[in-house]
Amino acid sequence: MTSVNINRATASSLDPRALKATSIKTTADPSSEQEPAALHITATSSNPRMFTLPWERPLATWPRDLLANLPRGISRHVVRFVHVGDDVYAMKEITQRVAEREYELLRKLQKLELPTVNPIAVVTGRHTREGEPLEAMLVTQHLKFSLPYRALFARNLRPDTAERLIDALAVLLVRLHLAGFYWGDVSLSNVLFLRDADAFSAFLVDAETGDLHPSLTDGQREYDIDLARTNIIGELMDLDSGNLLAGEVDEVGVGNRLVDRYHSLWSALTDVDSFDPDEMWKIERRVNRLNDLGFDVDELEMKTEEDGNRVLVRPRVVDAGYASRKLLRLTGLDVQENQARRLLNDLDAYRASTWRQGEDLEIVATDWMREVFEPTVRMIPPEYRSQIEPAQFFHEVLTHRWLMAEKAGHDVPMAEAVQSYISESLPEYRLDSEDMKTINEEADAGVVDDEMNWQGAHAQAGQGEQVTRDQADKDADGHDGVADQTNAEGQTGADTRTNRDRASEEVQSQPAFEDANGGRSSLRSVYAPGSLDAAADQDDQDDAVWASS
Amino acid sequence: MAEVVFDHVTRIYPGNDEPSVSDLSLDIKDGEFLVLVGPSGCGKSTTLRMLAGLEEVNKGRIMIGDKDVTTMQPKDRDIAMVFQNYALYPHMTVADNMGFALKIAGTPKDQIRQRVEKAAEVLDLTEYLDRKPKALSGGQRQRVAMGRAIVRQPKVFLMDEPLSNLDAKLRVQTRTQIAALQRQLNVTTLYVTHDQTEALTMGDRIAVIKLGVLQQVGAPTELYDRPENVFVAGFIGSPSMNINIHPVVNGQAKIGEDTISLPREAVDKLTPEDQGKIVVGFRPENASLASASDPDAFSLKVANVEDLGSDGYIYGNILTDNSAAEQAIVMSDQNKLTTIRVNPRDLPKVGDVVKIHIDPEKMHLFSPASELRLN
């Protein structure tokens, strides 16, 4: 009873969409913190396979055949990607209080249409078969095609990769701050990146320390920015220590870039402009500039100074995604902002080249989909369908085609460009299984609350690095150890190549990304209008609360 | 090293009528470990965030040392929010993991090494300084994260529920370490928690806050032995205090057909607003089984018993005569049952009616109207 007044009062000024986001409301009331005696799942999905998972085992010991071999980011807690039916879920073992809080927050951020991972469930009341209590789990949907920053650096990418990631993070931070979200732990590790044409889009994955407010104070924003700067520099210094960073990258310079990008974006979005009454065209210029940055303007707040000589204008920016919403409306394709811009440009070019400027854009768009976009993305080889988004593929083929044409001095047919791109550039997308293994081992090196992970390391700490590492490997993943042993016994002298091949098969055969109907179903899952409706329906569903007896 | 002063500080969130923190005056002495404790939404985190510079202060001011920091940006305040999820970097040595923030700040190399070595000594990590995180145990990794805050040598440590995302085992271990560490480093610390056990076990002093209003500040034993009001009495201590309202008849508390004696000076302080009633509180360990003829005892019908080997607990309902005027109103939260700690060899049976005597020295008496302490 004691907390009601304040909570209600604070809540009253929050976005109403956020208020109704979830049935889970965490409190710090100790009596409500009791772990339920039996398994309890609160979920936004009604996937019955959730119940068939081995909740009675610590996550670090889950059977290998349930796990999806995807690169993980650095975390203090045990995280695994798990196949659940056709989906891949990220599971994080964490205390009940934090799991519920983070679930609640992520639900709210989703309702506010912010770029975050989608929360699926909170699982509490877990016990081993012997009755020992286990930590709760937060379940989120794996963001398809996304990669942690370490996976991006593991492939020799363009030297400006660090800067492009920072730009994406600055946009994310500004969007979250505009919505009143204080993060409290901004870093590259707490973000997933999706390719977005020549840039990246960043998605929040870790909201443990976050808080949603009606609006943020300058202190909250500055703290987030300062922390982001420190963390980014630390993360880059770490990559440098591991020889994963191109020699010329200046870590501190990149960290400072975030601060600069953030401030310039924030001021473009929120500053009050002052005009003469006869300079109203400047308002249009400001709005266009915001659209170019990818933001939509919802309202313009205008007032006249007391002497009537100047007009003060402040835009109320709703959100990024100006081009992507336009493309979605025209084609049903749900893609990142820069990808959308590239696709819209191609659509415009198609319209001009087919002499259809007078026709409805909606009708032209339908033909463009059928004649240009779909045939192109259908050519993505099956082994790459889990690695590259169709819209990204299309964008890169266009760029490749342009370069080919420049070299040849004449236009190059699309089909030829696609073939050339697939053989020359696409292989760079493969994350080889050795890299994957390294990334996931590194990710586990910072876990603080999992004995499986460090028991061996601790026991062997006095000995050489190699011994420690081997021991940690086995302990980190019991199944891994067993599988490797069998392999070694069965095929004595088997070279590393066999191992690598085996692992790389696993990387490619993720059922979640497989599609039996050739390219089609993978395409459909991205842009079919039906799937959008379904997504919306699911979003509106109240949380389904299941409890087993 | 610095003293922290909250001087009549108020925080009202935009759009709210009621302040989240109201006219708070509190000082944290140089080197002191102060725990701010209270239920959800009580304003304790808001208080910490005002000190951190994350929340604006609407009225009053905040001092760190002799500097007024009320409007200063967080990074200029020389404070450290301790291990809010510090990540460990796999390719960096333990020393680099602890010292990289100093490197960013341009601290000279030899000074960084010196500070890191000093922190490692305190954290018992000296022999691991040149290793990578992979070679450490979970507890050691957690300590490296603490090291990151320590090497900065801030004036004030701020910790907002730092144990909430650790599993149960690591939580107890880390709790002890933080308390020991703080005493060794002697850095002024504000620690926020909802858990009164954490507060009692860690703090030099505890400040209890409710609905944005400071209730009581004092050493753990002071709060336990002499709670100033009903809220603090019920909040501090586990199992919590038994608190009931009883009519006062002839200077004695009437409990069913029994009466227990009350100190005169407490009864004298009752006012007409108290309507002839008094709040009687006693801790489970401050009452004992009495003989049936004991004139200064009340009757308890036993609902449950627990034998823990070293202690026994009786949970029961106070017998009243069921008249409206005399119905005991239970104010404590333990399933409305009265809890008594006894010798486990003397445990009664469920369903028995036993007599209970309260140690008069350890009785806590409050006014029902003001909820303030009377004795």
# chains A, B, ... in the order shown; residues from 1 in each chain; ligands from 1
>>> select_by_dssp(residues="range 297-449 of chain A", states="strand (DSSP E)", output="mmCIF file with C-alpha atoms, in the first residue's frame")
data_model
loop_
_atom_site.group_PDB
_atom_site.id
_atom_site.type_symbol
_atom_site.label_atom_id
_atom_site.label_comp_id
_atom_site.auth_asym_id
_atom_site.auth_seq_id
_atom_site.Cartn_x
_atom_site.Cartn_y
_atom_site.Cartn_z
ATOM 1 C CA VAL A 297 7.759 15.064 -37.513
ATOM 2 C CA ASP A 298 4.495 14.664 -35.683
ATOM 3 C CA GLU A 299 3.751 18.249 -34.690
ATOM 4 C CA LEU A 300 5.413 21.609 -34.875
ATOM 5 C CA GLU A 301 5.222 23.634 -31.730
ATOM 6 C CA MET A 302 5.190 27.276 -32.813
ATOM 7 C CA LYS A 303 4.999 30.408 -30.778
ATOM 8 C CA THR A 304 5.683 34.050 -31.436
ATOM 9 C CA VAL A 311 8.619 32.820 -34.563
ATOM 10 C CA LEU A 312 9.977 30.050 -32.366
ATOM 11 C CA VAL A 313 9.592 26.550 -33.766
ATOM 12 C CA ARG A 314 10.276 23.252 -32.092
ATOM 13 C CA PRO A 315 9.479 20.029 -33.947
ATOM 14 C CA ARG A 316 7.940 17.156 -32.038
ATOM 15 C CA VAL A 317 9.748 14.243 -33.552
ATOM 16 C CA VAL A 318 7.955 10.938 -33.362
ATOM 17 C CA ASP A 319 10.431 8.431 -34.523
ATOM 18 C CA ALA A 320 12.931 7.262 -36.991
#
>>> select_by_dssp(residues="range 107-179 of chain A", states="alpha helix (DSSP H)", output="list of chain:residue names")
A:Arg107, A:Lys108, A:Leu109, A:Gln110, A:Lys111, A:Tyr149, A:Arg150, A:Ala151, A:Leu152, A:Phe153, A:Ala154, A:Thr161, A:Ala162, A:Glu163, A:Arg164, A:Leu165, A:Ile166, A:Asp167, A:Ala168, A:Leu169, A:Ala170, A:Val171, A:Leu172, A:Leu173, A:Val174, A:Arg175, A:Leu176, A:His177, A:Leu178
>>> write_last_selection(atoms="N, CA and C atoms", output="compact mmCIF listing (two decimals), in the first residue's frame")
# COMPACT_ATOMS: atom_id res chain seq x y z
N ARG A 107 8.86 -4.97 -22.81
CA ARG A 107 7.49 -4.92 -23.32
C ARG A 107 7.08 -3.47 -23.57
N LYS A 108 7.41 -2.62 -22.61
CA LYS A 108 7.05 -1.21 -22.76
C LYS A 108 7.77 -0.60 -23.96
N LEU A 109 9.05 -0.89 -24.10
CA LEU A 109 9.82 -0.32 -25.21
C LEU A 109 9.28 -0.81 -26.55
N GLN A 110 8.83 -2.07 -26.58
CA GLN A 110 8.23 -2.60 -27.80
C GLN A 110 6.95 -1.85 -28.14
N LYS A 111 6.14 -1.59 -27.10
CA LYS A 111 4.89 -0.87 -27.35
C LYS A 111 5.17 0.54 -27.87
N TYR A 149 28.77 -7.00 -31.93
CA TYR A 149 29.87 -6.27 -32.58
C TYR A 149 31.11 -7.13 -32.72
N ARG A 150 31.33 -8.05 -31.82
CA ARG A 150 32.55 -8.85 -31.89
C ARG A 150 32.55 -9.76 -33.13
N ALA A 151 31.34 -10.20 -33.51
CA ALA A 151 31.26 -11.04 -34.70
C ALA A 151 31.56 -10.21 -35.95
N LEU A 152 31.19 -8.93 -35.91
CA LEU A 152 31.47 -8.08 -37.07
C LEU A 152 32.97 -7.83 -37.21
N PHE A 153 33.65 -7.70 -36.07
CA PHE A 153 35.08 -7.45 -36.14
C PHE A 153 35.87 -8.72 -36.46
N ALA A 154 35.25 -9.88 -36.22
CA ALA A 154 35.95 -11.13 -36.49
C ALA A 154 36.15 -11.33 -37.99
N THR A 161 34.44 0.25 -40.00
CA THR A 161 33.37 -0.47 -39.31
C THR A 161 33.07 0.12 -37.94
N ALA A 162 34.12 0.40 -37.18
CA ALA A 162 33.91 0.93 -35.83
C ALA A 162 33.08 2.21 -35.88
N GLU A 163 33.42 3.08 -36.83
CA GLU A 163 32.69 4.34 -36.91
C GLU A 163 31.24 4.15 -37.30
N ARG A 164 31.02 3.20 -38.22
CA ARG A 164 29.62 2.97 -38.64
C ARG A 164 28.79 2.39 -37.50
N LEU A 165 29.41 1.55 -36.68
CA LEU A 165 28.69 1.00 -35.53
C LEU A 165 28.36 2.12 -34.54
N ILE A 166 29.31 3.02 -34.36
CA ILE A 166 29.10 4.13 -33.43
C ILE A 166 27.95 5.02 -33.90
N ASP A 167 27.90 5.26 -35.20
CA ASP A 167 26.81 6.08 -35.73
C ASP A 167 25.46 5.44 -35.46
N ALA A 168 25.40 4.13 -35.62
CA ALA A 168 24.15 3.42 -35.36
C ALA A 168 23.79 3.49 -33.88
N LEU A 169 24.80 3.36 -33.04
CA LEU A 169 24.55 3.42 -31.60
C LEU A 169 24.06 4.81 -31.19
N ALA A 170 24.63 5.85 -31.82
CA ALA A 170 24.21 7.22 -31.49
C ALA A 170 22.73 7.41 -31.84
N VAL A 171 22.31 6.90 -32.99
CA VAL A 171 20.90 7.01 -33.38
C VAL A 171 20.01 6.27 -32.38
N LEU A 172 20.45 5.07 -32.00
CA LEU A 172 19.67 4.29 -31.04
C LEU A 172 19.54 5.05 -29.72
N LEU A 173 20.64 5.59 -29.25
CA LEU A 173 20.63 6.27 -27.96
C LEU A 173 19.71 7.50 -28.00
N VAL A 174 19.77 8.24 -29.10
CA VAL A 174 18.91 9.40 -29.23
C VAL A 174 17.43 8.97 -29.25
N ARG A 175 17.14 7.92 -29.98
CA ARG A 175 15.74 7.46 -30.05
C ARG A 175 15.25 7.03 -28.67
N LEU A 176 16.08 6.30 -27.95
CA LEU A 176 15.67 5.84 -26.62
C LEU A 176 15.49 7.04 -25.68
N HIS A 177 16.41 7.97 -25.76
CA HIS A 177 16.31 9.14 -24.89
C HIS A 177 15.09 9.99 -25.21
N LEU A 178 14.77 10.14 -26.49
CA LEU A 178 13.58 10.90 -26.86
C LEU A 178 12.33 10.28 -26.25
>>> atom_distance(atom1="CA of Ser324 in chain A", atom2="CA of Arg341 in chain A")
7.3 Å
>>> interface_residues(of="chain B", to="chain A", cutoff="8 Å", atoms="only C-alpha atoms", output="mmCIF file with N, CA and C atoms, in the first residue's frame")
data_model
loop_
_atom_site.group_PDB
_atom_site.id
_atom_site.type_symbol
_atom_site.label_atom_id
_atom_site.label_comp_id
_atom_site.auth_asym_id
_atom_site.auth_seq_id
_atom_site.Cartn_x
_atom_site.Cartn_y
_atom_site.Cartn_z
ATOM 1 N N TYR B 13 8.463 14.859 -9.274
ATOM 2 C CA TYR B 13 8.504 14.534 -10.699
ATOM 3 C C TYR B 13 7.504 15.391 -11.454
ATOM 4 N N PRO B 14 7.849 15.771 -12.686
ATOM 5 C CA PRO B 14 6.924 16.593 -13.468
ATOM 6 C C PRO B 14 5.563 15.898 -13.569
ATOM 7 N N GLY B 15 4.526 16.638 -13.387
ATOM 8 C CA GLY B 15 3.186 16.073 -13.499
ATOM 9 C C GLY B 15 2.673 15.466 -12.205
ATOM 10 N N ASN B 16 3.493 15.436 -11.177
ATOM 11 C CA ASN B 16 3.056 14.873 -9.893
ATOM 12 C C ASN B 16 2.727 15.980 -8.903
ATOM 13 N N ASP B 17 1.810 15.668 -7.981
ATOM 14 C CA ASP B 17 1.508 16.622 -6.919
ATOM 15 C C ASP B 17 2.379 16.329 -5.709
ATOM 16 N N GLU B 18 2.515 15.028 -5.423
ATOM 17 C CA GLU B 18 3.252 14.622 -4.239
ATOM 18 C C GLU B 18 4.735 14.508 -4.558
ATOM 19 N N SER B 20 8.399 12.919 -4.526
ATOM 20 C CA SER B 20 8.920 11.566 -4.381
ATOM 21 C C SER B 20 9.923 11.514 -3.242
ATOM 22 N N PRO B 39 10.637 0.348 1.394
ATOM 23 C CA PRO B 39 9.901 -0.458 0.421
ATOM 24 C C PRO B 39 9.906 0.178 -0.966
ATOM 25 N N SER B 40 9.360 -0.536 -1.941
ATOM 26 C CA SER B 40 9.294 -0.060 -3.314
ATOM 27 C C SER B 40 8.627 1.311 -3.391
ATOM 28 N N GLY B 41 9.195 2.190 -4.201
ATOM 29 C CA GLY B 41 8.582 3.494 -4.421
ATOM 30 C C GLY B 41 8.729 4.458 -3.265
ATOM 31 N N CYS B 42 9.651 4.181 -2.341
ATOM 32 C CA CYS B 42 9.767 5.032 -1.154
ATOM 33 C C CYS B 42 10.627 6.250 -1.409
ATOM 34 N N GLY B 53 23.472 12.899 -9.684
ATOM 35 C CA GLY B 53 23.266 13.923 -10.702
ATOM 36 C C GLY B 53 22.328 13.473 -11.802
ATOM 37 N N LEU B 54 21.637 12.347 -11.588
ATOM 38 C CA LEU B 54 20.729 11.823 -12.609
ATOM 39 C C LEU B 54 19.325 12.409 -12.467
ATOM 40 N N GLU B 55 19.000 12.888 -11.274
ATOM 41 C CA GLU B 55 17.690 13.493 -11.052
ATOM 42 C C GLU B 55 17.895 14.949 -10.632
ATOM 43 N N GLU B 56 16.994 15.789 -11.094
ATOM 44 C CA GLU B 56 17.096 17.182 -10.684
ATOM 45 C C GLU B 56 16.615 17.352 -9.246
ATOM 46 N N GLN B 73 27.009 18.350 -13.407
ATOM 47 C CA GLN B 73 26.833 17.139 -14.234
ATOM 48 C C GLN B 73 27.429 15.915 -13.518
ATOM 49 N N PRO B 74 26.841 14.731 -13.770
ATOM 50 C CA PRO B 74 27.310 13.524 -13.058
ATOM 51 C C PRO B 74 28.828 13.326 -13.138
ATOM 52 N N LYS B 75 29.408 13.549 -14.328
ATOM 53 C CA LYS B 75 30.808 13.177 -14.477
ATOM 54 C C LYS B 75 31.753 14.134 -13.746
ATOM 55 N N GLN B 84 27.524 -1.312 -11.770
ATOM 56 C CA GLN B 84 26.252 -1.522 -12.422
ATOM 57 C C GLN B 84 26.575 -2.271 -13.703
ATOM 58 N N ASN B 85 26.697 -3.586 -13.573
ATOM 59 C CA ASN B 85 26.888 -4.426 -14.751
ATOM 60 C C ASN B 85 28.190 -4.222 -15.510
ATOM 61 N N ALA B 87 31.158 -4.935 -17.595
ATOM 62 C CA ALA B 87 31.527 -6.096 -18.401
ATOM 63 C C ALA B 87 33.024 -6.347 -18.229
ATOM 64 N N LEU B 88 33.419 -7.598 -18.353
ATOM 65 C CA LEU B 88 34.848 -7.919 -18.347
ATOM 66 C C LEU B 88 35.291 -8.143 -19.780
ATOM 67 N N TYR B 89 36.433 -7.592 -20.123
ATOM 68 C CA TYR B 89 36.922 -7.711 -21.486
ATOM 69 C C TYR B 89 37.872 -8.894 -21.617
ATOM 70 N N PRO B 90 37.529 -9.839 -22.495
ATOM 71 C CA PRO B 90 38.251 -11.118 -22.537
ATOM 72 C C PRO B 90 39.721 -11.029 -22.957
ATOM 73 N N HIS B 91 40.063 -10.064 -23.819
ATOM 74 C CA HIS B 91 41.444 -10.014 -24.294
ATOM 75 C C HIS B 91 42.353 -9.205 -23.382
ATOM 76 N N MET B 92 41.748 -8.459 -22.466
ATOM 77 C CA MET B 92 42.568 -7.616 -21.585
ATOM 78 C C MET B 92 42.938 -8.390 -20.329
ATOM 79 N N PHE B 100 41.633 0.525 -17.335
ATOM 80 C CA PHE B 100 41.508 1.164 -18.648
ATOM 81 C C PHE B 100 40.827 2.534 -18.601
ATOM 82 N N ALA B 101 39.922 2.707 -17.620
ATOM 83 C CA ALA B 101 39.234 4.010 -17.547
ATOM 84 C C ALA B 101 40.224 5.114 -17.166
ATOM 85 N N ILE B 104 42.025 6.097 -20.294
ATOM 86 C CA ILE B 104 41.223 7.015 -21.108
ATOM 87 C C ILE B 104 41.339 8.431 -20.560
ATOM 88 N N PRO B 133 40.469 -12.681 -17.832
ATOM 89 C CA PRO B 133 39.290 -13.021 -17.028
ATOM 90 C C PRO B 133 38.925 -14.505 -17.088
ATOM 91 N N LYS B 134 39.192 -15.116 -18.222
ATOM 92 C CA LYS B 134 38.854 -16.525 -18.415
ATOM 93 C C LYS B 134 39.412 -17.413 -17.310
ATOM 94 N N ALA B 135 40.597 -17.029 -16.785
ATOM 95 C CA ALA B 135 41.256 -17.867 -15.787
ATOM 96 C C ALA B 135 40.762 -17.587 -14.368
ATOM 97 N N LEU B 136 39.706 -16.795 -14.229
ATOM 98 C CA LEU B 136 39.230 -16.444 -12.890
ATOM 99 C C LEU B 136 37.912 -17.137 -12.562
ATOM 100 N N SER B 137 37.650 -17.253 -11.263
ATOM 101 C CA SER B 137 36.362 -17.779 -10.817
ATOM 102 C C SER B 137 35.322 -16.660 -10.891
ATOM 103 N N GLY B 138 34.051 -17.034 -10.698
ATOM 104 C CA GLY B 138 32.972 -16.047 -10.758
ATOM 105 C C GLY B 138 33.157 -14.938 -9.730
ATOM 106 N N GLY B 139 33.529 -15.314 -8.508
ATOM 107 C CA GLY B 139 33.716 -14.335 -7.446
ATOM 108 C C GLY B 139 34.866 -13.390 -7.767
ATOM 109 N N ARG B 141 35.930 -12.639 -10.773
ATOM 110 C CA ARG B 141 35.483 -11.759 -11.863
ATOM 111 C C ARG B 141 34.672 -10.604 -11.297
ATOM 112 N N GLN B 142 33.815 -10.929 -10.347
ATOM 113 C CA GLN B 142 32.990 -9.912 -9.703
ATOM 114 C C GLN B 142 33.886 -8.871 -9.025
ATOM 115 N N SER B 164 21.220 -7.249 -6.583
ATOM 116 C CA SER B 164 19.940 -7.780 -7.063
ATOM 117 C C SER B 164 20.086 -8.685 -8.277
ATOM 118 N N ASN B 165 21.161 -8.542 -9.046
ATOM 119 C CA ASN B 165 21.251 -9.437 -10.202
ATOM 120 C C ASN B 165 22.266 -10.562 -10.012
ATOM 121 N N LEU B 166 22.611 -10.832 -8.771
ATOM 122 C CA LEU B 166 23.501 -11.962 -8.506
ATOM 123 C C LEU B 166 22.688 -13.132 -7.965
ATOM 124 N N ASP B 167 23.162 -14.344 -8.240
ATOM 125 C CA ASP B 167 22.432 -15.484 -7.694
ATOM 126 C C ASP B 167 22.677 -15.560 -6.180
ATOM 127 N N LEU B 170 26.269 -16.103 -4.643
ATOM 128 C CA LEU B 170 27.199 -15.013 -4.892
ATOM 129 C C LEU B 170 26.766 -13.750 -4.132
ATOM 130 N N HIS B 194 16.232 -2.593 -0.735
ATOM 131 C CA HIS B 194 14.903 -2.778 -0.151
ATOM 132 C C HIS B 194 14.960 -3.844 0.935
ATOM 133 N N ASP B 195 16.164 -4.449 1.082
ATOM 134 C CA ASP B 195 16.290 -5.636 1.915
ATOM 135 C C ASP B 195 16.853 -5.246 3.279
ATOM 136 N N LYS B 210 10.236 6.198 3.838
ATOM 137 C CA LYS B 210 8.918 5.708 3.424
ATOM 138 C C LYS B 210 8.167 6.855 2.763
ATOM 139 N N LEU B 211 7.582 6.613 1.616
ATOM 140 C CA LEU B 211 6.831 7.635 0.872
ATOM 141 C C LEU B 211 7.584 8.962 0.779
#
>>> residues_around(residues="Glu3 in chain B", least_positions_apart="3", cutoff="7 Å", atoms="only C-alpha atoms", output="NGL selection string")
:B and (28-30 or 64-65 or 188)
>>> atom_distance(atom1="CA of Ala268 in chain A", atom2="CA of Arg285 in chain A")
11.9 Å
>>> closest_residue(among="B:Leu308, B:Val4, B:Leu181, B:Leu289", to="Lys67 in chain B", atoms="only C-alpha atoms")
B:Val4
>>> closest_residue(among="A:Arg351, A:Arg57, A:Arg401, A:His83", to="Met137 in chain A", atoms="only C-alpha atoms")
A:Arg57
>>> residues_around(residues="Leu374 in chain B", least_positions_apart="6", cutoff="12 Å", atoms="only C-alpha atoms", output="PDB file with C-alpha atoms, in the first residue's frame")
ATOM      1  CA  ARG B 226      14.432   1.633  19.698  1.00  0.00           C
ATOM      2  CA  PRO B 227      12.385   2.114  16.534  1.00  0.00           C
ATOM      3  CA  GLU B 228      10.924   5.601  16.611  1.00  0.00           C
ATOM      4  CA  ASN B 229       7.670   4.728  14.924  1.00  0.00           C
ATOM      5  CA  VAL B 230       5.424   1.821  13.987  1.00  0.00           C
ATOM      6  CA  LEU B 262       2.304  -0.928  30.860  1.00  0.00           C
ATOM      7  CA  PRO B 263       4.862   1.593  32.057  1.00  0.00           C
ATOM      8  CA  ARG B 264       3.145   4.603  33.527  1.00  0.00           C
ATOM      9  CA  GLU B 265       5.099   7.223  31.572  1.00  0.00           C
ATOM     10  CA  ALA B 266       4.000   5.704  28.280  1.00  0.00           C
ATOM     11  CA  VAL B 267       0.317   5.591  29.193  1.00  0.00           C
ATOM     12  CA  ASP B 268       0.538   9.205  30.353  1.00  0.00           C
ATOM     13  CA  LYS B 269       1.604  10.252  26.883  1.00  0.00           C
ATOM     14  CA  LEU B 270      -1.574   8.949  25.227  1.00  0.00           C
ATOM     15  CA  THR B 271      -3.874  11.671  23.940  1.00  0.00           C
ATOM     16  CA  ASP B 274      -5.625   7.684  20.636  1.00  0.00           C
ATOM     17  CA  ILE B 278      -2.232   1.703  22.550  1.00  0.00           C
ATOM     18  CA  VAL B 279       0.030  -0.027  20.016  1.00  0.00           C
ATOM     19  CA  VAL B 280       2.005  -2.803  21.686  1.00  0.00           C
ATOM     20  CA  GLY B 281       5.007  -4.247  19.869  1.00  0.00           C
ATOM     21  CA  MET B 363       8.264  -3.766  24.923  1.00  0.00           C
ATOM     22  CA  HIS B 364       7.763  -1.144  22.171  1.00  0.00           C
ATOM     23  CA  LEU B 365       4.799   1.154  22.730  1.00  0.00           C
ATOM     24  CA  PHE B 366       3.387   3.561  20.166  1.00  0.00           C
ATOM     25  CA  SER B 367       0.504   5.990  19.883  1.00  0.00           C
ATOM     26  CA  PRO B 368      -2.195   4.624  17.533  1.00  0.00           C
TER      27      PRO B 368
END
>>> residues_around(residues="Ala90 in chain A", least_positions_apart="6", cutoff="8 Å", atoms="only C-alpha atoms", output="count of residues only")
8
>>> residues_around(residues="Gly351 in chain B", least_positions_apart="6", cutoff="8 Å", atoms="only C-alpha atoms", output="number ranges by chain")
B: 301-303
>>> write_last_selection(atoms="C-alpha atoms", output="PDB file, in the first residue's frame")
ATOM      1  CA  LYS B 301      -3.938 -20.250  20.595  1.00  0.00           C
ATOM      2  CA  VAL B 302      -1.177 -22.160  18.815  1.00  0.00           C
ATOM      3  CA  ALA B 303      -1.705 -22.401  15.041  1.00  0.00           C
TER       4      ALA B 303
END
>>> residues_around(residues="Arg341 in chain B", least_positions_apart="3", cutoff="8 Å", atoms="only C-alpha atoms", output="VMD selection string")
chain B and resid 284 to 288 311 to 314
